[in-house]
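Enquirer: Sharing work_10.csv, CSV, C-alpha atoms:
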chain,number,residue,atom,x,y,z
A,1,MET,CA,35.7,-17.9,43.0
A,2,LYS,CA,33.1,-15.1,42.7
A,3,GLN,CA,34.8,-14.1,39.5
A,4,LYS,CA,34.4,-17.6,38.1
A,5,ILE,CA,30.7,-17.7,39.1
A,6,ARG,CA,30.1,-14.3,37.4
A,7,LEU,CA,31.9,-15.5,34.3
A,8,SER,CA,29.8,-18.7,34.3
A,9,TRP,CA,26.6,-16.8,34.5
A,10,GLY,CA,27.8,-14.5,31.8
A,11,ILE,CA,28.4,-17.4,29.5
A,12,ILE,CA,25.0,-18.9,30.3
A,13,PHE,CA,23.3,-15.5,29.7
A,14,PHE,CA,24.9,-15.0,26.3
A,15,ALA,CA,24.2,-18.6,25.3
A,16,LEU,CA,20.5,-18.2,26.2
A,17,ALA,CA,20.3,-14.8,24.5
A,18,GLY,CA,21.7,-16.4,21.4
A,19,THR,CA,18.9,-18.8,21.3
A,20,VAL,CA,16.3,-16.1,21.6
A,21,TRP,CA,17.6,-13.2,19.5
A,22,GLY,CA,19.9,-13.0,16.5
A,23,ASP,CA,20.2,-12.1,12.9
A,24,VAL,CA,19.1,-14.3,10.0
A,25,THR,CA,19.1,-13.9,6.3
A,26,ILE,CA,17.0,-16.0,3.9
A,27,GLU,CA,17.5,-15.8,0.1
A,28,SER,CA,14.9,-17.3,-2.2
A,29,THR,CA,13.6,-17.3,-5.8
A,30,TYR,CA,10.1,-17.5,-7.2
A,31,LYS,CA,8.3,-17.8,-10.5
A,32,THR,CA,4.6,-17.5,-11.3
A,33,SER,CA,2.4,-18.2,-14.3
A,34,GLY,CA,0.2,-15.3,-13.3
A,35,ILE,CA,-3.6,-15.7,-14.0
A,36,LYS,CA,-3.8,-18.0,-17.1
A,37,GLY,CA,-0.4,-16.6,-18.3
A,38,MET,CA,-1.3,-12.9,-17.6
A,39,GLY,CA,1.5,-11.5,-15.3
A,40,GLU,CA,3.9,-14.3,-15.8
A,41,ALA,CA,7.1,-13.4,-13.8
A,42,GLN,CA,10.1,-14.5,-11.9
A,43,GLY,CA,12.4,-13.0,-9.4
A,44,THR,CA,14.4,-13.1,-6.2
A,45,ALA,CA,13.7,-12.2,-2.6
A,46,ILE,CA,16.0,-11.6,0.4
A,47,HIS,CA,14.7,-11.3,3.9
A,48,ARG,CA,16.9,-10.1,6.8
A,49,TYR,CA,15.7,-10.2,10.5
A,50,GLN,CA,17.2,-8.6,13.6
A,51,ARG,CA,14.9,-8.8,16.6
A,52,ASP,CA,12.0,-6.5,15.7
A,53,LYS,CA,13.5,-5.2,12.5
A,54,LYS,CA,13.1,-6.6,9.0
A,55,TRP,CA,14.8,-5.7,5.7
A,56,GLU,CA,13.4,-7.2,2.5
A,57,SER,CA,14.3,-6.9,-1.1
A,58,GLN,CA,12.4,-8.3,-4.0
A,59,THR,CA,13.3,-8.2,-7.7
A,60,THR,CA,10.7,-8.9,-10.4
A,61,ARG,CA,11.1,-9.6,-14.1
A,62,PHE,CA,8.0,-10.1,-16.2
A,63,THR,CA,8.5,-12.9,-18.7
A,64,GLY,CA,5.3,-12.7,-20.8
A,65,ALA,CA,5.4,-11.4,-24.3
A,66,ILE,CA,3.8,-8.1,-23.6
A,67,LEU,CA,4.7,-7.1,-20.0
A,68,SER,CA,8.4,-8.1,-20.5
A,69,LEU,CA,8.5,-5.3,-23.1
A,70,LEU,CA,6.5,-2.7,-21.2
A,71,VAL,CA,7.8,-3.2,-17.6
A,72,LYS,CA,11.5,-3.2,-16.8
A,73,GLU,CA,13.0,-5.4,-14.1
A,74,GLY,CA,13.0,-3.6,-10.8
A,75,GLU,CA,13.9,-3.9,-7.2
A,76,ASN,CA,11.7,-3.1,-4.2
A,77,ILE,CA,13.3,-2.6,-0.8
A,78,THR,CA,11.3,-2.2,2.4
A,79,ILE,CA,12.6,-1.7,5.9
A,80,THR,CA,10.1,-2.4,8.7
A,81,ARG,CA,11.0,-1.1,12.1
A,82,VAL,CA,8.5,-2.3,14.7
A,83,ASP,CA,10.6,-0.6,17.4
A,84,LYS,CA,10.0,2.8,15.7
A,85,GLY,CA,6.5,2.0,14.5
A,86,LEU,CA,7.6,2.9,10.9
A,87,SER,CA,8.2,1.3,7.5
A,88,TRP,CA,10.4,2.8,4.8
A,89,THR,CA,10.1,2.0,1.1
A,90,LEU,CA,13.3,2.8,-0.8
A,91,ASP,CA,13.7,4.0,-4.3
A,92,THR,CA,17.3,2.9,-5.0
A,93,LYS,CA,17.3,4.5,-8.5
A,94,ASN,CA,16.4,8.0,-7.4
A,95,LYS,CA,17.7,7.7,-3.8
A,96,THR,CA,14.5,8.6,-2.2
A,97,TYR,CA,12.2,6.9,0.4
A,98,LEU,CA,8.6,6.9,1.5
A,99,GLU,CA,7.9,6.7,5.2
A,100,ALA,CA,4.7,5.2,6.6
A,101,PRO,CA,3.5,4.5,10.2
A,102,LEU,CA,2.7,1.0,11.2
A,103,VAL,CA,-1.0,1.3,12.0
A,104,ALA,CA,-3.8,-1.3,12.3
A,105,PRO,CA,-5.8,-1.6,9.1
A,106,THR,CA,-9.4,-0.2,9.2
A,107,ILE,CA,-12.5,-1.6,7.5
A,108,GLN,CA,-14.9,1.0,6.2
A,109,PRO,CA,-18.6,0.5,7.0
A,110,GLU,CA,-19.5,0.0,3.4
A,111,GLU,CA,-17.0,-2.9,3.1
A,112,ARG,CA,-18.8,-4.9,5.8
A,113,GLU,CA,-21.2,-7.6,4.6
A,114,PRO,CA,-24.7,-7.1,5.9
A,115,LYS,CA,-25.6,-9.7,8.6
A,116,ASP,CA,-28.8,-10.7,6.9
A,117,LYS,CA,-27.2,-11.3,3.5
A,118,LYS,CA,-28.0,-14.7,2.2
A,119,THR,CA,-25.3,-16.9,0.6
A,120,THR,CA,-25.7,-17.7,-3.1
A,121,THR,CA,-23.6,-20.9,-3.1
A,122,ARG,CA,-23.1,-24.0,-1.2
A,123,ILE,CA,-20.2,-26.4,-0.9
A,124,THR,CA,-21.1,-29.8,-2.3
A,125,LYS,CA,-17.7,-31.5,-1.8
A,126,SER,CA,-14.6,-30.6,0.1
A,127,GLU,CA,-11.6,-33.0,0.3
A,128,PHE,CA,-8.3,-32.1,1.8
A,129,THR,CA,-5.4,-34.6,2.0
A,130,VAL,CA,-1.8,-34.6,2.9
A,131,LYS,CA,0.5,-37.4,2.1
A,132,LYS,CA,4.2,-38.1,1.4
A,133,SER,CA,4.8,-38.7,-2.3
A,134,GLY,CA,7.9,-40.8,-1.6
A,135,ALA,CA,10.1,-38.4,-3.7
A,136,LYS,CA,13.3,-37.2,-2.3
A,137,GLU,CA,15.8,-34.7,-3.6
A,138,THR,CA,18.7,-32.5,-2.4
A,139,ILE,CA,17.6,-28.9,-3.1
A,140,ASN,CA,20.3,-26.2,-2.8
A,141,GLY,CA,22.2,-28.4,-0.4
A,142,PHE,CA,19.2,-29.3,1.7
A,143,PRO,CA,18.0,-32.9,1.8
A,144,CYS,CA,14.3,-32.8,1.2
A,145,GLU,CA,11.3,-35.1,0.9
A,146,GLU,CA,8.0,-34.1,-0.7
A,147,TYR,CA,4.6,-33.8,0.8
A,148,LEU,CA,1.5,-33.4,-1.4
A,149,LEU,CA,-1.4,-31.3,-0.2
A,150,ILE,CA,-4.5,-31.6,-2.3
A,151,TRP,CA,-7.6,-29.6,-1.7
A,152,LEU,CA,-10.6,-30.4,-3.9
A,153,LEU,CA,-13.5,-28.0,-3.5
A,154,GLU,CA,-16.8,-28.2,-5.4
A,155,ILE,CA,-19.2,-25.3,-5.1
A,156,GLU,CA,-22.7,-25.1,-6.5
A,157,ASP,CA,-24.6,-21.9,-7.4
A,158,LEU,CA,-28.0,-22.2,-5.6
A,159,GLU,CA,-29.8,-20.4,-8.4
A,160,THR,CA,-28.2,-21.6,-11.6
A,161,LYS,CA,-27.1,-25.0,-10.3
A,162,GLU,CA,-23.8,-24.4,-12.0
A,163,LYS,CA,-20.8,-26.1,-10.3
A,164,THR,CA,-17.3,-24.9,-10.0
A,165,ARG,CA,-14.6,-27.4,-9.1
A,166,SER,CA,-11.4,-26.0,-7.7
A,167,THR,CA,-8.3,-28.3,-7.2
A,168,MET,CA,-5.3,-26.8,-5.5
A,169,THR,CA,-2.2,-29.0,-5.3
A,170,THR,CA,0.7,-27.9,-3.2
A,171,GLY,CA,4.0,-29.7,-3.2
A,172,LEU,CA,6.1,-29.0,-0.1
A,173,TRP,CA,9.7,-30.1,-0.2
A,174,THR,CA,10.8,-30.0,3.5
A,175,THR,CA,14.1,-30.5,5.1
A,176,PRO,CA,14.7,-31.8,8.7
A,177,GLU,CA,15.2,-29.0,11.3
A,178,THR,CA,18.7,-28.2,12.2
A,179,THR,CA,20.1,-25.7,14.7
A,180,LEU,CA,20.2,-23.1,11.8
A,181,ILE,CA,16.7,-23.8,10.6
A,182,ARG,CA,15.3,-23.6,14.1
A,183,LYS,CA,17.0,-20.3,14.5
A,184,VAL,CA,15.5,-19.0,11.2
A,185,ARG,CA,12.0,-20.2,12.1
A,186,GLN,CA,12.3,-18.6,15.6
A,187,GLU,CA,13.4,-15.2,14.2
A,188,GLU,CA,10.6,-15.2,11.6
A,189,THR,CA,8.0,-16.0,14.2
A,190,ALA,CA,9.4,-13.5,16.7
A,191,PHE,CA,9.2,-10.6,14.2
A,192,GLU,CA,5.7,-11.5,13.0
A,193,LYS,CA,4.5,-11.6,16.6
A,194,ALA,CA,6.1,-8.2,17.3
A,195,LEU,CA,4.5,-6.7,14.2
A,196,ALA,CA,1.1,-8.2,15.0
A,197,LYS,CA,1.3,-6.7,18.5
A,198,LYS,CA,2.3,-3.3,17.2
A,199,LEU,CA,-0.6,-3.3,14.7
A,200,GLY,CA,-3.1,-4.4,17.4
A,201,MET,CA,-3.8,-7.6,15.6
A,202,GLU,CA,-3.1,-10.1,18.3
A,203,LEU,CA,-5.7,-12.7,17.5
A,204,SER,CA,-6.5,-16.0,19.2
A,205,GLN,CA,-6.1,-19.0,17.0
A,206,GLU,CA,-9.9,-19.3,16.7
A,207,GLU,CA,-10.2,-15.6,15.7
A,208,ALA,CA,-7.5,-15.9,13.1
A,209,LYS,CA,-9.2,-19.0,11.8
A,210,LYS,CA,-12.5,-17.2,11.5
A,211,MET,CA,-10.9,-14.3,9.7
A,212,GLY,CA,-9.2,-16.5,7.2
A,213,LEU,CA,-12.4,-18.5,6.5
A,214,ALA,CA,-14.4,-15.3,6.1
A,215,ALA,CA,-12.0,-13.9,3.6
A,216,MET,CA,-11.9,-17.1,1.6
A,217,GLY,CA,-15.7,-17.3,1.8
A,218,ALA,CA,-16.0,-13.8,0.4
A,219,PHE,CA,-13.8,-14.8,-2.5
A,220,MET,CA,-15.8,-17.9,-3.2
A,221,LYS,CA,-19.2,-16.3,-2.4
A,222,THR,CA,-19.7,-18.7,0.4
A,223,SER,CA,-20.3,-18.2,4.1
A,224,ALA,CA,-17.5,-18.6,6.7
A,225,GLU,CA,-19.6,-21.4,8.3
A,226,GLU,CA,-19.7,-23.3,5.1
A,227,MET,CA,-15.9,-22.9,4.7
A,228,ARG,CA,-15.4,-24.1,8.2
A,229,LYS,CA,-17.4,-27.3,7.5
A,230,GLY,CA,-15.3,-27.8,4.3
A,231,MET,CA,-12.0,-27.4,6.1
A,232,ILE,CA,-12.7,-29.5,9.2
A,233,ARG,CA,-10.0,-32.0,8.4
A,234,VAL,CA,-7.3,-29.5,7.5
A,235,LYS,CA,-5.8,-29.2,11.0
A,236,ASN,CA,-5.2,-32.9,11.5
A,237,GLU,CA,-3.9,-33.3,7.9
A,238,ILE,CA,-1.4,-30.4,8.3
A,239,SER,CA,0.0,-31.9,11.4
A,240,LYS,CA,1.5,-34.7,9.3
A,241,ILE,CA,4.0,-32.3,7.7
A,242,GLN,CA,7.5,-32.3,9.3
A,243,GLY,CA,10.5,-30.1,8.6
A,244,TYR,CA,11.0,-26.7,7.1
A,245,PRO,CA,9.8,-26.0,3.5
A,246,ILE,CA,12.6,-25.4,1.0
A,247,ARG,CA,10.6,-25.6,-2.2
A,248,THR,CA,6.9,-24.8,-2.4
A,249,THR,CA,4.9,-25.4,-5.6
A,250,ILE,CA,1.3,-24.4,-6.0
A,251,SER,CA,-1.0,-25.4,-8.9
A,252,TRP,CA,-4.6,-24.3,-9.0
A,253,ASN,CA,-7.0,-25.7,-11.5
A,254,LEU,CA,-10.6,-24.6,-12.1
A,255,GLU,CA,-13.4,-26.4,-14.0
A,256,GLY,CA,-17.0,-25.2,-14.6
A,257,GLU,CA,-20.1,-27.2,-15.3
A,258,LYS,CA,-23.3,-25.5,-16.5
A,259,GLY,CA,-26.5,-26.2,-14.6
A,260,PRO,CA,-29.7,-27.5,-16.2
A,261,GLY,CA,-32.2,-25.1,-17.8
A,262,ARG,CA,-30.2,-22.0,-17.3
A,263,PRO,CA,-30.4,-19.3,-20.1
A,264,GLN,CA,-27.1,-18.6,-21.9
A,265,GLU,CA,-27.0,-15.1,-20.4
A,266,ASP,CA,-26.6,-15.4,-16.6
A,267,LYS,CA,-25.1,-13.7,-13.6
A,268,ALA,CA,-21.6,-14.7,-14.6
A,269,SER,CA,-21.8,-12.9,-17.9
A,270,LYS,CA,-23.3,-9.7,-16.5
A,271,PRO,CA,-21.4,-7.0,-14.7
A,272,PRO,CA,-22.3,-7.2,-11.0
A,273,GLU,CA,-24.1,-4.4,-9.3
A,274,ARG,CA,-22.1,-2.0,-7.1
A,275,SER,CA,-24.3,-3.0,-4.2
A,276,GLU,CA,-23.3,-6.7,-4.4
A,277,GLY,CA,-20.1,-6.2,-2.5
A,278,VAL,CA,-16.6,-7.5,-2.8
A,279,GLY,CA,-17.6,-11.1,-2.4
A,280,SER,CA,-20.0,-11.0,-5.4
A,281,LEU,CA,-17.5,-9.0,-7.5
A,282,LEU,CA,-14.8,-11.6,-7.0
A,283,GLY,CA,-17.2,-14.4,-7.4
A,284,GLY,CA,-18.5,-13.1,-10.6
A,285,PHE,CA,-14.9,-12.6,-11.8
A,286,MET,CA,-14.1,-16.2,-11.0
A,287,SER,CA,-17.3,-17.4,-12.8
A,288,ARG,CA,-16.3,-15.5,-15.9
A,289,LEU,CA,-12.8,-16.9,-15.9
A,290,VAL,CA,-14.1,-20.5,-15.4
A,291,GLN,CA,-16.6,-19.9,-18.2
A,292,LYS,CA,-13.9,-18.5,-20.5
A,293,LYS,CA,-11.7,-21.5,-19.7
A,294,SER,CA,-14.5,-23.9,-20.5
A,295,GLU,CA,-15.2,-22.1,-23.8
A,296,ASP,CA,-11.5,-22.3,-24.7
A,297,LYS,CA,-11.4,-26.1,-24.4
A,298,GLY,CA,-11.6,-28.1,-27.6
A,299,PRO,CA,-12.7,-31.7,-28.1
A,300,GLY,CA,-10.6,-34.1,-26.0
A,301,ASP,CA,-9.2,-31.3,-23.8
A,302,GLU,CA,-11.0,-32.4,-20.6
A,303,GLY,CA,-8.5,-32.7,-17.7
A,304,GLN,CA,-5.7,-31.2,-19.8
A,305,GLY,CA,-4.2,-27.8,-20.3
A,306,SER,CA,-2.2,-25.4,-18.2
A,307,PRO,CA,-3.4,-24.6,-14.6
A,308,PHE,CA,-5.4,-21.4,-13.9
A,309,PHE,CA,-2.5,-20.3,-11.6
A,310,SER,CA,0.8,-21.8,-10.6
A,311,THR,CA,3.8,-20.6,-8.6
A,312,THR,CA,7.1,-22.0,-7.3
A,313,ILE,CA,9.1,-20.6,-4.3
A,314,GLU,CA,12.5,-22.0,-3.5
A,315,VAL,CA,14.9,-21.2,-0.6
A,316,LYS,CA,18.4,-20.8,-2.0
A,317,SER,CA,20.3,-20.2,1.2
A,318,MET,CA,20.0,-19.3,4.9
A,319,ASP,CA,22.5,-17.7,7.2
A,320,ALA,CA,22.6,-16.7,10.9
A,321,GLY,CA,25.6,-14.4,10.7
A,322,THR,CA,25.5,-11.0,12.4
A,323,LEU,CA,24.2,-8.1,10.4
A,324,PRO,CA,25.4,-4.5,10.7
A,325,ALA,CA,23.0,-2.1,12.4
A,326,GLU,CA,23.0,0.2,9.4
A,327,THR,CA,21.3,-2.6,7.4
A,328,PHE,CA,18.0,-1.5,9.0
A,329,GLU,CA,18.6,2.3,8.6
A,330,ILE,CA,17.8,4.6,5.7
A,331,PRO,CA,21.0,4.6,3.5
A,332,GLU,CA,23.1,7.7,3.5
A,333,GLY,CA,22.2,10.2,0.8
A,334,PHE,CA,18.5,9.1,0.5
A,335,VAL,CA,16.0,11.9,0.7
A,336,LYS,CA,12.5,11.6,2.1
A,337,LYS,CA,9.7,12.1,-0.4
Would you mind giving the structure from this file in structure tokens?
Expert:
Amino acid sequence: MKQKIRLSWGIIFFALAGTVWGDVTIESTYKTSGIKGMGEAQGTAIHRYQRDKKWESQTTRFTGAILSLLVKEGENITITRVDKGLSWTLDTKNKTYLEAPLVAPTIQPEEREPKDKKTTTRITKSEFTVKKSGAKETINGFPCEEYLLIWLLEIEDLETKEKTRSTMTTGLWTTPETTLIRKVRQEETAFEKALAKKLGMELSQEEAKKMGLAAMGAFMKTSAEEMRKGMIRVKNEISKIQGYPIRTTISWNLEGEKGPGRPQEDKASKPPERSEGVGSLLGGFMSRLVQKKSEDKGPGDEGQGSPFFSTTIEVKSMDAGTLPAETFEIPEGFVKK
């Protein structure tokens, strides 16, 4: 009788353990237009998880006229061992590897924005919507339906009165969660949490939100508070999405509109001062790109043309089969650089 009880508890233990830990493999493909066609590329990615270990491989092939000739297709392999506090980057061609400790990123004092720095732009319009498109498709064996996420953001330069309209359209083709997909999602989340803890980056939801808004604000030359106001509806809209994304398409369009009474030579056309900081550097870069895009338009081109940036990521397969322990070790014969 005791033996049967012990056996029953053993079965329960392993069943529960199987729902908490395990091995998963996710294979996907991606392609990107780069920035206005610069850096156009495509490739594959494989992610393998085993508790607090991750093995990832990414191959990239540039498809543009110039880079495809200059840069050969290559594979990058990285093994992240949270349990050892290390990551290894493998050079499969030369059978060497680089070792790096997992440490929290540091921000240099000069990289911090001064507290009294005034913003140079304001958000005049922010609309974020999520809706089902009604489209359905079986993608790589997964039955999917499409959600469209559209974020329209209009930003005005307070000095020049120029306006930049950014429209980001994301198509999420999601599939209903199955036992396998729940397992995959669980293992991805478990690894990311372990890595965040190791790096000392365990943030509350509010802290993570602020960090994301501040980073985006720096890019758009806008304060985190303004970004918060512009994204107030995002949380409720995102909650409409159900299932696991199999295909993700992102298209980003930018349009510029010159303000009244502004001389031809303005901040966007002049190199920013070193003291302006990262936000101004990126903002100026964006302004120049928008200005260049506007200049490239011919009569009747309004609302047409290729997007500023686009990318497509597609899951090809998922598996929860057991992975050998050596998957997450430095291969035999590799030498440390």
Enquirer: For the atom pair CA of Glu154 in chain A and CA of Phe309 in chain A, what is the interatomic distance in Å to one decimal place?
Expert: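 The value is 17.5 Å.
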Enquirer: I'd like the neighbourhood of Ser133 in chain A as a VMD selection string, where a residue qualifies if any of its atoms comes within 7 Å (using all atoms listed in the file), though same-chain residues fewer than 3 positions away should be ignored.
Expert: chain A and resid 146 to 148
Enquirer: Just write the chosen residues, C-alpha atoms, as a PDB file, in the frame of the given file.
Expert:
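Now in result.pdb:
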ATOM      1  CA  GLU A 146       8.000 -34.100  -0.700  1.00  0.00           C
ATOM      2  CA  TYR A 147       4.600 -33.800   0.800  1.00  0.00           C
ATOM      3  CA  LEU A 148       1.500 -33.400  -1.400  1.00  0.00           C
TER       4      LEU A 148
END
Enquirer: Nearest to Asp91 in chain A: which of A:Ile77, A:Val103, A:Ala190, A:Ile330 is it, counting all atoms listed in the file?
Expert: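 Of all the options, A:Ile77 lies closest to Asp91 in chain A.
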Enquirer: Determine the nearest neighbour of Gly141 in chain A from the options A:Lys336, A:Lys316, A:Lys95, A:Arg247, counting all atoms listed in the file.
Expert: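 Using all atoms listed in the file, the shortest distance to Gly141 in chain A belongs to A:Lys316.
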Enquirer: Quick one: residues within 9 Å of Gln242 in chain A, all atoms listed in the file, excluding same-chain residues fewer than 3 positions away - as a PDB file with C-alpha atoms, keeping the file's coordinate frame?
Expert:
ATOM      1  CA  THR A 174      10.800 -30.000   3.500  1.00  0.00           C
ATOM      2  CA  THR A 175      14.100 -30.500   5.100  1.00  0.00           C
ATOM      3  CA  PRO A 176      14.700 -31.800   8.700  1.00  0.00           C
ATOM      4  CA  GLU A 177      15.200 -29.000  11.300  1.00  0.00           C
ATOM      5  CA  SER A 239       0.000 -31.900  11.400  1.00  0.00           C
ATOM      6  CA  PRO A 245       9.800 -26.000   3.500  1.00  0.00           C
TER       7      PRO A 245
END
Enquirer: Which of these residues is nearest to Lys132 in chain A, using only C-alpha atoms: A:Ile238, A:Ala45, A:Leu323, A:Ala194?
Expert: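 Between A:Ile238, A:Ala45, A:Leu323, A:Ala194, the residue approaching Lys132 in chain A most closely is A:Ile238.
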Enquirer: So how many Å separate CA of Asp319 in chain A and CA of Lys240 in chain A, to one decimal?
Expert: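 These atoms are spaced 27.1 Å apart.
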Enquirer: Please report the interatomic distance between CA of Ala41 in chain A and CA of Glu56 in chain A in Å with one decimal.
Expert: 18.5 Å
Enquirer: A:Ala135, A:Met38, A:Ile46, A:Ile313: which is nearest Phe62 in chain A, counting all atoms listed in the file?
Expert: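 Distance minimum relative to Phe62 in chain A lands on A:Met38.
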Enquirer: I want to know what sits within 10 Å of Lys198 in chain A, based on all atoms listed in the file, with residues of the same chain fewer than 2 positions away left out; could you give that as a PDB file with C-alpha atoms, in the frame of the given file?
Expert:
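The resulting out-v4.pdb:
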ATOM      1  CA  VAL A  82       8.500  -2.300  14.700  1.00  0.00           C
ATOM      2  CA  ASP A  83      10.600  -0.600  17.400  1.00  0.00           C
ATOM      3  CA  LYS A  84      10.000   2.800  15.700  1.00  0.00           C
ATOM      4  CA  GLY A  85       6.500   2.000  14.500  1.00  0.00           C
ATOM      5  CA  LEU A 102       2.700   1.000  11.200  1.00  0.00           C
ATOM      6  CA  VAL A 103      -1.000   1.300  12.000  1.00  0.00           C
ATOM      7  CA  ALA A 104      -3.800  -1.300  12.300  1.00  0.00           C
ATOM      8  CA  GLU A 192       5.700 -11.500  13.000  1.00  0.00           C
ATOM      9  CA  LYS A 193       4.500 -11.600  16.600  1.00  0.00           C
ATOM     10  CA  ALA A 194       6.100  -8.200  17.300  1.00  0.00           C
ATOM     11  CA  LEU A 195       4.500  -6.700  14.200  1.00  0.00           C
ATOM     12  CA  ALA A 196       1.100  -8.200  15.000  1.00  0.00           C
ATOM     13  CA  GLY A 200      -3.100  -4.400  17.400  1.00  0.00           C
ATOM     14  CA  MET A 201      -3.800  -7.600  15.600  1.00  0.00           C
ATOM     15  CA  GLU A 202      -3.100 -10.100  18.300  1.00  0.00           C
TER      16      GLU A 202
END
Enquirer: Select, from A:Arg185, A:Thr164, A:Tyr49, A:Gly43, the residue with the minimum atom-to-atom distance to Arg122 in chain A, counting only C-alpha atoms.
Expert: A:Thr164
Enquirer: Which residues, protein or nucleic acid, reach to within 6 Å of (13.7, -3.3, -3.7) in the file's coordinates when using all atoms listed in the file, and can you give that as a PyMOL selection string?
Expert: chain A and resi 57-58+75-77
Enquirer: Would you mind telling me which residue in A:Ser310, A:Thr167, A:Ser87, A:Thr189 lies nearest to Glu40 in chain A when using all atoms listed in the file?
Expert: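 That would be A:Ser310, the residue with the smallest distance to Glu40 in chain A.
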Enquirer: Got a sec: who's within 7 Å of Lys337 in chain A, counting all atoms listed in the file, leaving out chain neighbours fewer than 2 positions off, as a ChimeraX atom specification?
Expert: /A:96-98,335
Enquirer: Can I get the selected residues back with C-alpha atoms, as a PDB file, keeping the file's coordinate frame?
Expert:
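Below you can see again.pdb, which holds the result:
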ATOM      1  CA  THR A  96      14.500   8.600  -2.200  1.00  0.00           C
ATOM      2  CA  TYR A  97      12.200   6.900   0.400  1.00  0.00           C
ATOM      3  CA  LEU A  98       8.600   6.900   1.500  1.00  0.00           C
ATOM      4  CA  VAL A 335      16.000  11.900   0.700  1.00  0.00           C
TER       5      VAL A 335
END
